[in-house]
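Q: Structure file work_19.cif (mmCIF, C-alpha atoms and all ligand atoms) right here:
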data_run
#
loop_
_atom_site.label_atom_id
_atom_site.label_comp_id
_atom_site.auth_asym_id
_atom_site.auth_seq_id
_atom_site.Cartn_x
_atom_site.Cartn_y
_atom_site.Cartn_z
CA MET A 4 74.46 145.56 170.28
CA ILE A 5 77.12 146.80 167.86
CA THR A 6 76.73 150.30 166.45
CA VAL A 7 78.82 151.42 163.48
CA LEU A 8 79.17 155.15 162.99
CA GLY A 9 80.11 155.92 159.42
CA ARG A 10 78.77 156.65 155.97
CA ARG A 11 78.31 153.62 153.77
CA ASN A 12 80.55 154.83 150.95
CA SER A 13 83.70 155.04 153.08
CA ALA A 14 86.13 152.22 152.28
CA ASN A 15 87.24 152.20 155.92
CA VAL A 16 83.65 151.84 157.10
CA GLN A 17 83.16 149.08 154.52
CA LYS A 18 85.95 147.05 156.14
CA VAL A 19 84.06 147.05 159.43
CA LEU A 20 80.66 146.34 157.90
CA TRP A 21 82.05 143.55 155.74
CA ALA A 22 83.69 141.92 158.80
CA ILE A 23 80.40 142.19 160.70
CA GLY A 24 78.61 140.66 157.70
CA GLU A 25 81.05 137.74 157.47
CA LEU A 26 80.62 137.09 161.19
CA GLY A 27 76.84 137.31 160.94
CA LEU A 28 76.56 139.81 163.81
CA PRO A 29 73.55 142.04 164.44
CA TYR A 30 74.41 145.74 164.17
CA VAL A 31 73.03 149.20 163.60
CA ARG A 32 74.74 151.71 161.29
CA GLN A 33 74.38 155.48 161.54
CA ASP A 34 75.24 157.96 158.78
CA VAL A 35 78.21 159.99 160.00
CA GLY A 36 81.00 161.81 158.17
CA GLY A 37 81.16 163.40 154.71
CA SER A 38 77.94 165.25 153.83
CA PHE A 39 76.28 163.90 157.03
CA GLY A 40 78.73 165.70 159.33
CA PHE A 41 79.65 164.66 162.85
CA PRO A 42 77.49 164.85 166.00
CA ASP A 43 78.88 166.98 168.86
CA ASP A 44 79.28 163.92 171.04
CA TYR A 45 81.10 161.89 168.37
CA PRO A 46 83.34 159.58 170.40
CA ASN A 47 86.36 159.56 168.06
CA PRO A 48 88.80 162.43 168.74
CA ASN A 49 90.05 162.29 165.13
CA LYS A 50 86.60 163.17 163.69
CA ILE A 51 86.91 160.50 161.04
CA VAL A 52 84.94 157.33 160.31
CA PRO A 53 84.53 154.51 161.18
CA THR A 54 83.86 154.31 164.90
CA LEU A 55 82.46 151.18 166.48
CA ASN A 56 80.56 150.92 169.74
CA ASP A 57 80.02 147.47 171.20
CA ASN A 58 78.21 147.57 174.54
CA ASP A 59 79.91 150.90 175.37
CA LEU A 60 83.35 149.78 174.26
CA VAL A 61 84.38 152.40 171.68
CA VAL A 62 86.84 151.37 168.98
CA TRP A 63 88.15 153.57 166.16
CA GLU A 64 90.72 153.03 163.39
CA SER A 65 89.29 150.56 160.88
CA GLY A 66 92.15 148.06 161.35
CA ALA A 67 91.61 148.06 165.11
CA CYS A 68 87.85 147.63 164.59
CA VAL A 69 88.41 144.62 162.29
CA ARG A 70 90.92 143.10 164.72
CA TYR A 71 88.48 143.67 167.60
CA LEU A 72 85.59 142.03 165.76
CA ALA A 73 87.72 139.13 164.49
CA SER A 74 89.33 138.40 167.86
CA THR A 75 86.09 138.79 169.84
CA TYR A 76 83.62 137.07 167.53
CA GLY A 77 85.73 135.25 164.94
CA GLN A 78 88.03 132.89 166.83
CA GLY A 79 89.07 130.13 164.45
CA ASN A 80 87.33 131.99 161.66
CA LEU A 81 88.45 135.54 160.67
CA TRP A 82 90.87 135.22 163.61
CA PRO A 83 92.82 132.01 162.94
CA ASP A 84 93.69 129.75 165.89
CA ASP A 85 97.11 129.05 164.44
CA ILE A 86 99.61 131.72 165.52
CA ALA A 87 101.62 131.55 162.26
CA THR A 88 98.49 132.14 160.15
CA ARG A 89 97.31 134.89 162.48
CA THR A 90 100.68 136.62 162.31
CA THR A 91 100.71 136.41 158.51
CA ALA A 92 97.26 138.03 158.51
CA ASP A 93 98.54 140.77 160.79
CA MET A 94 101.55 141.35 158.53
CA TRP A 95 99.31 141.89 155.49
CA MET A 96 97.03 144.16 157.51
CA GLU A 97 100.03 146.34 158.37
CA TRP A 98 101.19 146.23 154.74
CA HIS A 99 97.76 147.48 153.72
CA ARG A 100 97.93 150.43 156.08
CA SER A 101 101.57 151.42 155.61
CA ASP A 102 102.07 150.67 151.90
CA ILE A 103 99.02 150.28 149.70
CA THR A 104 96.78 152.86 151.39
CA GLN A 105 99.41 155.56 150.97
CA ILE A 106 99.34 155.05 147.19
CA PHE A 107 95.79 153.98 146.47
CA PHE A 108 94.02 156.61 148.59
CA PRO A 109 95.47 159.66 146.75
CA LEU A 110 94.91 157.95 143.39
CA PHE A 111 91.23 157.42 144.19
CA MET A 112 90.84 160.94 145.58
CA ILE A 113 92.30 162.46 142.39
CA LEU A 114 90.30 160.27 140.00
CA VAL A 115 86.92 160.43 141.78
CA ARG A 116 86.85 163.04 144.55
CA GLY A 117 88.30 166.03 142.71
CA TRP A 118 91.70 166.27 144.38
CA PRO A 119 94.16 168.11 142.14
CA GLY A 120 96.55 165.84 140.24
CA THR A 121 98.45 165.95 136.96
CA PRO A 122 98.39 163.09 134.41
CA GLN A 123 102.03 162.41 135.44
CA LYS A 124 101.02 162.09 139.08
CA ILE A 125 98.15 159.74 138.15
CA GLU A 126 100.51 157.65 136.03
CA LYS A 127 103.07 157.43 138.84
CA LEU A 128 100.46 156.42 141.45
CA THR A 129 98.94 153.88 139.03
CA GLN A 130 102.35 152.30 138.46
CA ASP A 131 103.13 152.28 142.18
CA CYS A 132 99.79 150.54 142.83
CA ALA A 133 100.57 147.94 140.18
CA ARG A 134 103.99 147.30 141.74
CA LEU A 135 102.50 146.85 145.21
CA PHE A 136 99.61 144.69 144.03
CA GLN A 137 102.22 142.47 142.34
CA GLN A 138 103.46 141.69 145.86
CA LEU A 139 99.96 140.68 146.94
CA ASP A 140 99.53 138.70 143.72
CA HIS A 141 102.69 136.76 144.58
CA GLN A 142 101.38 136.05 148.12
CA LEU A 143 98.11 134.74 146.66
CA GLU A 144 99.81 132.18 144.39
CA ASN A 145 98.33 128.72 145.13
CA LYS A 146 96.07 130.17 147.84
CA THR A 147 92.35 130.75 148.08
CA PHE A 148 92.80 133.70 150.44
CA ILE A 149 95.77 135.78 151.59
CA CYS A 150 96.76 133.38 154.39
CA GLY A 151 95.63 130.13 152.79
CA ASP A 152 92.25 128.41 152.76
CA GLN A 153 90.61 130.65 155.31
CA LEU A 154 89.24 134.20 154.92
CA THR A 155 91.00 136.36 157.54
CA SER A 156 91.15 139.98 158.62
CA ALA A 157 93.94 140.45 156.03
CA ASP A 158 91.45 139.71 153.24
CA ILE A 159 88.96 142.11 154.81
CA VAL A 160 91.18 145.19 154.90
CA ASN A 161 92.87 144.56 151.55
CA GLY A 162 89.77 143.23 149.80
CA ALA A 163 87.73 146.27 150.82
CA ILE A 164 89.59 148.46 148.32
CA MET A 165 89.70 145.89 145.52
CA TYR A 166 86.28 146.72 144.09
CA ARG A 167 87.51 150.26 143.58
CA TYR A 168 90.92 149.25 142.25
CA MET A 169 89.33 146.84 139.78
CA THR A 170 86.69 149.28 138.55
CA LEU A 171 88.65 152.54 138.30
CA PRO A 172 89.47 153.66 134.73
CA ILE A 173 93.19 152.91 135.05
CA ALA A 174 95.65 150.47 133.48
CA ARG A 175 96.08 147.32 135.55
CA PRO A 176 98.72 144.68 134.98
CA GLU A 177 97.77 141.03 134.43
CA LEU A 178 97.71 139.78 138.03
CA THR A 179 96.27 136.29 137.74
CA HIS A 180 96.17 135.31 141.40
CA LEU A 181 94.92 138.69 142.59
CA GLN A 182 92.18 138.68 139.96
CA ALA A 183 91.07 135.15 140.89
CA TRP A 184 91.00 136.15 144.59
CA TYR A 185 88.98 139.29 143.78
CA LEU A 186 86.51 137.20 141.79
CA ARG A 187 86.11 134.87 144.78
CA LEU A 188 85.43 137.86 147.04
CA THR A 189 82.76 139.16 144.68
CA GLN A 190 80.85 135.86 145.18
CA ARG A 191 80.47 136.55 148.92
CA PRO A 192 77.11 138.09 149.92
CA ALA A 193 78.65 140.32 152.63
CA PHE A 194 81.20 141.68 150.13
CA GLN A 195 78.47 142.34 147.59
CA LYS A 196 76.36 144.14 150.17
CA HIS A 197 78.99 146.27 151.89
CA VAL A 198 81.86 146.74 149.43
CA MET A 199 80.43 146.64 145.91
CA ILE A 200 78.85 150.05 146.25
CA GLU A 201 78.84 152.44 143.31
CA TYR A 202 80.95 155.54 143.81
CA GLY A 203 80.59 157.49 140.54
CA SER A 204 83.35 159.21 138.64
CA ASN A 205 83.32 162.78 139.97
CA PRO A 206 82.53 164.62 143.24
CA GLU A 207 78.92 165.34 142.23
CA GLN A 208 78.17 161.68 141.49
CA TRP A 209 80.09 160.71 144.62
CA ASN A 210 77.79 162.90 146.75
CA GLN A 211 74.68 161.55 145.01
CA HIS A 212 75.73 157.98 145.80
CA GLU A 213 76.55 158.99 149.38
CA GLN A 214 73.04 160.36 149.86
CA SER A 215 71.31 157.47 148.09
CA ASN A 216 72.98 155.11 150.58
CA ALA A 217 71.65 157.03 153.58
CA GLY A 218 69.78 154.88 156.05
CA ILE A 219 70.69 151.57 154.41
CA GLN A 220 72.01 149.10 156.94
N1 LIG A 301 93.16 155.47 159.60
C1 LIG A 301 91.73 155.70 159.64
C2 LIG A 301 91.35 156.47 158.40
C3 LIG A 301 89.87 156.80 158.41
C4 LIG A 301 89.50 157.76 157.29
O1 LIG A 301 90.35 158.30 156.57
N2 LIG A 301 88.21 157.98 157.15
C5 LIG A 301 87.71 158.89 156.14
C6 LIG A 301 86.70 158.14 155.26
S1 LIG A 301 87.38 156.74 154.45
C7 LIG A 301 86.98 160.03 156.80
O2 LIG A 301 86.51 159.93 157.92
N3 LIG A 301 86.86 161.16 156.09
C8 LIG A 301 86.17 162.31 156.60
C9 LIG A 301 84.68 162.22 156.48
O3 LIG A 301 84.13 161.19 156.06
O4 LIG A 301 84.03 163.21 156.84
C10 LIG A 301 90.99 154.35 159.69
O5 LIG A 301 91.50 153.38 159.12
O6 LIG A 301 89.92 154.26 160.30
#
Using C-alpha cells, write down the structure from this file.

A:
Amino acid sequence: MITVLGRRNSANVQKVLWAIGELGLPYVRQDVGGSFGFPDDYPNPNKIVPTLNDNDLVVWESGACVRYLASTYGQGNLWPDDIATRTTADMWMEWHRSDITQIFFPLFMILVRGWPGTPQKIEKLTQDCARLFQQLDHQLENKTFICGDQLTSADIVNGAIMYRYMTLPIARPELTHLQAWYLRLTQRPAFQKHVMIEYGSNPEQWNQHEQSNAGIQ
C-alpha cells in the first residue's frame, strides 16, 4: 500500500496525489507538515513534505516521487515507452524545478502566505513568471500535453502549480496554448480532486483551508 505523508494544500504533495490519481492507485494520506507538524519518526531528513512510502520503500522530493510512481506503475502511460518522449518529459520536469519554481514559489508566498515583498518585487516576479510561462506556451503549440498526445510526468509537476498561477490576482499575458492546456487539465477528475483546492488570499485563510482539508484522502 502507498502512504503519502503531507498536507493536502502543499503544491508538492499535490503533484504526488495527482499522479496517484491518474494512475488509479490505492493510497492512504496522512496530514503532515505546516500546522500539523512532523512526527518524531518522520522518514525524510529534510523535514518537508511530501514523503512517499510504498511497501517500505521511502521516497522524498516530489519530482522523485512522481518519477517513481510513473516508472513503477505508469509504463507507457505517465512514463512513455518512447525514449525521446520520456527525455522531453524529464527535461520539462527539470525546467520546472530549476526555473519556474524559483520564481513562482516566492511570488505565491508573498501574495498568499505573508512573506514580505514590495510591489516592485511582486511586479518583477510576475513578469519573470510570464516570461518563463511563454516558454512553456511555445512548447505546447500544436500539442495536447507538454510532450504530445500523452499526459506525462512533465504535465504533472508543471500542471500542479497552474491552478494557483491562473487564479492568483496578478496580470497574466495572453498565452493561448498554455491556457488551452490548463483548461484540459481542469477537466480531469484527479486534477480537480487534488490540485483545484482553495488556498485563500492571506495566511489566516490559508490556515483555515489547511485545517478544513484535514483527513480528506
Ligand atoms: N524540493 C522539495 C520541496 C518540498 C517543499 O518545499 N515542501 C514544503 C511544502 S510545499 C514544506 O514541506 N514546507 C514545510 C511544511 O509544510 O511544514 C520537493 O519537491 O519535494

Q: My list of candidates is A:Pro109, A:Gly77, A:Pro122, A:Gly24. Which is closest to ligand LIG 301 (chain A) when distances are computed with only C-alpha atoms and all ligand atoms?

A: A:Pro109

Q: Just checking: using only C-alpha atoms and all ligand atoms, which residue out of A:Gln33, A:Ser65, A:Asn145, A:Thr6 ends up closest to ligand LIG 301 (chain A)?

A: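 Among the listed residues, A:Ser65 lies closest to ligand LIG 301 (chain A).
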
Q: Select the residues contacting ligand LIG 301 (chain A) at a distance of at most 6 Å, based on all atoms listed in the file, then format the selection as JSON, numbers by chain.

A: {"A": [13, 14, 15, 36, 37, 51, 52, 53, 64, 65, 66]}

Q: Which residue is closest to Asp44 (chain A)? Choose from A:Ala133, A:Leu20, A:Leu8, A:Ala157 and count only C-alpha atoms.

A: A:Leu8

Q: Counting all atoms listed in the file, figure out which residue out of A:Tyr202, A:Tyr30, A:Tyr166, A:Phe107 gets nearest to Phe136 (chain A).

A: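 Closest to Phe136 (chain A) of all the choices is A:Phe107.
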
Q: Mind pulling up the distance from CA of Ile149 (chain A) to CA of Leu26 (chain A)?

A: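 Rounded to one decimal, the two atoms are 18.0 Å apart.
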
Q: Quick check, in Å to one decimal: how far apart do CA of His99 (chain A) and CA of Gly218 (chain A) lie?

A: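 Here the two named atoms are 29.0 Å from each other.
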
Q: Mind checking which residues fall within 12 Å of Asp131 (chain A), counting all atoms listed in the file, ignoring those fewer than 5 positions away in the same chain, and posting them as a VMD selection string?

A: chain A and resid 102 to 110 124 to 126 136 to 138 174 to 176

Q: Based on the selection just made, write C-alpha atoms of those residues as a PDB file, in the coordinates of the input.

A:
ATOM      1  CA  ASP A 102     102.070 150.670 151.900  1.00  0.00           C
ATOM      2  CA  ILE A 103      99.020 150.280 149.700  1.00  0.00           C
ATOM      3  CA  THR A 104      96.780 152.860 151.390  1.00  0.00           C
ATOM      4  CA  GLN A 105      99.410 155.560 150.970  1.00  0.00           C
ATOM      5  CA  ILE A 106      99.340 155.050 147.190  1.00  0.00           C
ATOM      6  CA  PHE A 107      95.790 153.980 146.470  1.00  0.00           C
ATOM      7  CA  PHE A 108      94.020 156.610 148.590  1.00  0.00           C
ATOM      8  CA  PRO A 109      95.470 159.660 146.750  1.00  0.00           C
ATOM      9  CA  LEU A 110      94.910 157.950 143.390  1.00  0.00           C
ATOM     10  CA  LYS A 124     101.020 162.090 139.080  1.00  0.00           C
ATOM     11  CA  ILE A 125      98.150 159.740 138.150  1.00  0.00           C
ATOM     12  CA  GLU A 126     100.510 157.650 136.030  1.00  0.00           C
ATOM     13  CA  PHE A 136      99.610 144.690 144.030  1.00  0.00           C
ATOM     14  CA  GLN A 137     102.220 142.470 142.340  1.00  0.00           C
ATOM     15  CA  GLN A 138     103.460 141.690 145.860  1.00  0.00           C
ATOM     16  CA  ALA A 174      95.650 150.470 133.480  1.00  0.00           C
ATOM     17  CA  ARG A 175      96.080 147.320 135.550  1.00  0.00           C
ATOM     18  CA  PRO A 176      98.720 144.680 134.980  1.00  0.00           C
TER      19      PRO A 176
END

Q: In Å, rounded to a single decimal, give me how far CA of Asp93 (chain A) is from CA of Pro46 (chain A).

A: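 Taking CA of Pro46 (chain A) and CA of Asp93 (chain A), their separation equals 26.0 Å.
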
Q: Please check which residues have atoms at most 9 Å from (80.4, 136.9, 152.5) in the file's coordinates, counting all atoms listed in the file, and write them as a PyMOL selection string.

A: chain A and resi 21-22+24-26+188-196

Q: I want to know what sits within 10 Å of Arg89 (chain A), based on all atoms listed in the file, with residues of the same chain fewer than 6 positions away left out; could you give that as a list of chain:residue names?

A: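 Here the qualifying residues turn out to be A:Gly79, A:Leu81, A:Trp82, A:Pro83, A:Cys150, A:Thr155, A:Ser156, A:Ala157.
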
Q: For each of A:Glu207, A:Asn80, A:Asn58, A:Glu177, take the minimum atom-to-atom distance to Gly27 (chain A), counting all atoms listed in the file, then give the residue where this is smallest.

A: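 The closest residue to Gly27 (chain A) is A:Asn80.
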
Q: Could you check the closest approach to Val61 (chain A) for each of A:Val160, A:Gly40, A:Ile5, A:Met112 and tell me which residue wins, using all atoms listed in the file?

A: A:Ile5

Q: Within 6 Å of (78.1, 154.7, 154.1), only C-alpha atoms: residues as a list of chain:residue names?

A: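 Residues satisfying the cut-off, written out: A:Gly9, A:Arg10, A:Arg11, A:Asn12, A:Ser13.
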
Q: For the selection you just gave me, I'd like the residues written to a file as a compact mmCIF listing (two decimals), in the frame of the given file, keeping C-alpha atoms.

A:
# COMPACT_ATOMS: atom_id res chain seq x y z
CA GLY A 9 80.11 155.92 159.42
CA ARG A 10 78.77 156.65 155.97
CA ARG A 11 78.31 153.62 153.77
CA ASN A 12 80.55 154.83 150.95
CA SER A 13 83.70 155.04 153.08

Q: Would you kindly place N, CA and C atoms on region 91-114 of chain A and return the model as a PDB file, keeping the file's coordinate frame?

A:
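Produced file part07.pdb, reproduced below:
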ATOM      1  N   THR A  91     100.660 136.072 159.940  1.00  0.00           N
ATOM      2  CA  THR A  91     100.710 136.410 158.510  1.00  0.00           C
ATOM      3  C   THR A  91      99.575 137.377 158.171  1.00  0.00           C
ATOM      4  N   ALA A  92      98.399 137.129 158.741  1.00  0.00           N
ATOM      5  CA  ALA A  92      97.260 138.030 158.510  1.00  0.00           C
ATOM      6  C   ALA A  92      97.592 139.429 159.024  1.00  0.00           C
ATOM      7  N   ASP A  93      98.189 139.482 160.193  1.00  0.00           N
ATOM      8  CA  ASP A  93      98.540 140.770 160.790  1.00  0.00           C
ATOM      9  C   ASP A  93      99.546 141.523 159.916  1.00  0.00           C
ATOM     10  N   MET A  94     100.522 140.769 159.405  1.00  0.00           N
ATOM     11  CA  MET A  94     101.550 141.350 158.530  1.00  0.00           C
ATOM     12  C   MET A  94     100.909 142.035 157.315  1.00  0.00           C
ATOM     13  N   TRP A  95      99.950 141.334 156.690  1.00  0.00           N
ATOM     14  CA  TRP A  95      99.310 141.890 155.490  1.00  0.00           C
ATOM     15  C   TRP A  95      98.324 143.006 155.826  1.00  0.00           C
ATOM     16  N   MET A  96      97.850 143.020 157.074  1.00  0.00           N
ATOM     17  CA  MET A  96      97.030 144.160 157.510  1.00  0.00           C
ATOM     18  C   MET A  96      97.916 145.394 157.645  1.00  0.00           C
ATOM     19  N   GLU A  97      99.092 145.211 158.217  1.00  0.00           N
ATOM     20  CA  GLU A  97     100.030 146.340 158.370  1.00  0.00           C
ATOM     21  C   GLU A  97     100.510 146.826 157.004  1.00  0.00           C
ATOM     22  N   TRP A  98     100.768 145.889 156.115  1.00  0.00           N
ATOM     23  CA  TRP A  98     101.190 146.230 154.740  1.00  0.00           C
ATOM     24  C   TRP A  98     100.107 147.093 154.077  1.00  0.00           C
ATOM     25  N   HIS A  99      98.868 146.712 154.288  1.00  0.00           N
ATOM     26  CA  HIS A  99      97.760 147.480 153.720  1.00  0.00           C
ATOM     27  C   HIS A  99      97.820 148.932 154.195  1.00  0.00           C
ATOM     28  N   ARG A 100      97.983 149.085 155.520  1.00  0.00           N
ATOM     29  CA  ARG A 100      97.930 150.430 156.080  1.00  0.00           C
ATOM     30  C   ARG A 100      99.176 151.250 155.696  1.00  0.00           C
ATOM     31  N   SER A 101     100.345 150.624 155.783  1.00  0.00           N
ATOM     32  CA  SER A 101     101.570 151.420 155.610  1.00  0.00           C
ATOM     33  C   SER A 101     101.973 151.566 154.142  1.00  0.00           C
ATOM     34  N   ASP A 102     101.602 150.612 153.289  1.00  0.00           N
ATOM     35  CA  ASP A 102     102.070 150.670 151.900  1.00  0.00           C
ATOM     36  C   ASP A 102     100.968 150.998 150.907  1.00  0.00           C
ATOM     37  N   ILE A 103      99.983 150.117 150.800  1.00  0.00           N
ATOM     38  CA  ILE A 103      99.020 150.280 149.700  1.00  0.00           C
ATOM     39  C   ILE A 103      98.102 151.489 149.912  1.00  0.00           C
ATOM     40  N   THR A 104      97.682 151.731 151.158  1.00  0.00           N
ATOM     41  CA  THR A 104      96.780 152.860 151.390  1.00  0.00           C
ATOM     42  C   THR A 104      97.424 154.178 150.982  1.00  0.00           C
ATOM     43  N   GLN A 105      98.702 154.302 151.262  1.00  0.00           N
ATOM     44  CA  GLN A 105      99.410 155.560 150.970  1.00  0.00           C
ATOM     45  C   GLN A 105      99.406 155.888 149.479  1.00  0.00           C
ATOM     46  N   ILE A 106      99.303 154.858 148.648  1.00  0.00           N
ATOM     47  CA  ILE A 106      99.340 155.050 147.190  1.00  0.00           C
ATOM     48  C   ILE A 106      97.919 155.068 146.621  1.00  0.00           C
ATOM     49  N   PHE A 107      97.110 154.108 147.076  1.00  0.00           N
ATOM     50  CA  PHE A 107      95.790 153.980 146.470  1.00  0.00           C
ATOM     51  C   PHE A 107      94.845 155.121 146.856  1.00  0.00           C
ATOM     52  N   PHE A 108      94.926 155.552 148.116  1.00  0.00           N
ATOM     53  CA  PHE A 108      94.020 156.610 148.590  1.00  0.00           C
ATOM     54  C   PHE A 108      94.157 157.895 147.747  1.00  0.00           C
ATOM     55  N   PRO A 109      95.386 158.439 147.588  1.00  0.00           N
ATOM     56  CA  PRO A 109      95.470 159.660 146.750  1.00  0.00           C
ATOM     57  C   PRO A 109      95.034 159.427 145.312  1.00  0.00           C
ATOM     58  N   LEU A 110      95.323 158.241 144.774  1.00  0.00           N
ATOM     59  CA  LEU A 110      94.910 157.950 143.390  1.00  0.00           C
ATOM     60  C   LEU A 110      93.390 158.032 143.269  1.00  0.00           C
ATOM     61  N   PHE A 111      92.698 157.410 144.208  1.00  0.00           N
ATOM     62  CA  PHE A 111      91.230 157.420 144.190  1.00  0.00           C
ATOM     63  C   PHE A 111      90.698 158.845 144.377  1.00  0.00           C
ATOM     64  N   MET A 112      91.318 159.578 145.299  1.00  0.00           N
ATOM     65  CA  MET A 112      90.840 160.940 145.580  1.00  0.00           C
ATOM     66  C   MET A 112      91.013 161.843 144.354  1.00  0.00           C
ATOM     67  N   ILE A 113      92.085 161.654 143.608  1.00  0.00           N
ATOM     68  CA  ILE A 113      92.300 162.460 142.390  1.00  0.00           C
ATOM     69  C   ILE A 113      91.288 162.056 141.314  1.00  0.00           C
ATOM     70  N   LEU A 114      91.136 160.742 141.120  1.00  0.00           N
ATOM     71  CA  LEU A 114      90.300 160.270 140.000  1.00  0.00           C
ATOM     72  C   LEU A 114      88.800 160.463 140.243  1.00  0.00           C
TER      73      LEU A 114
END
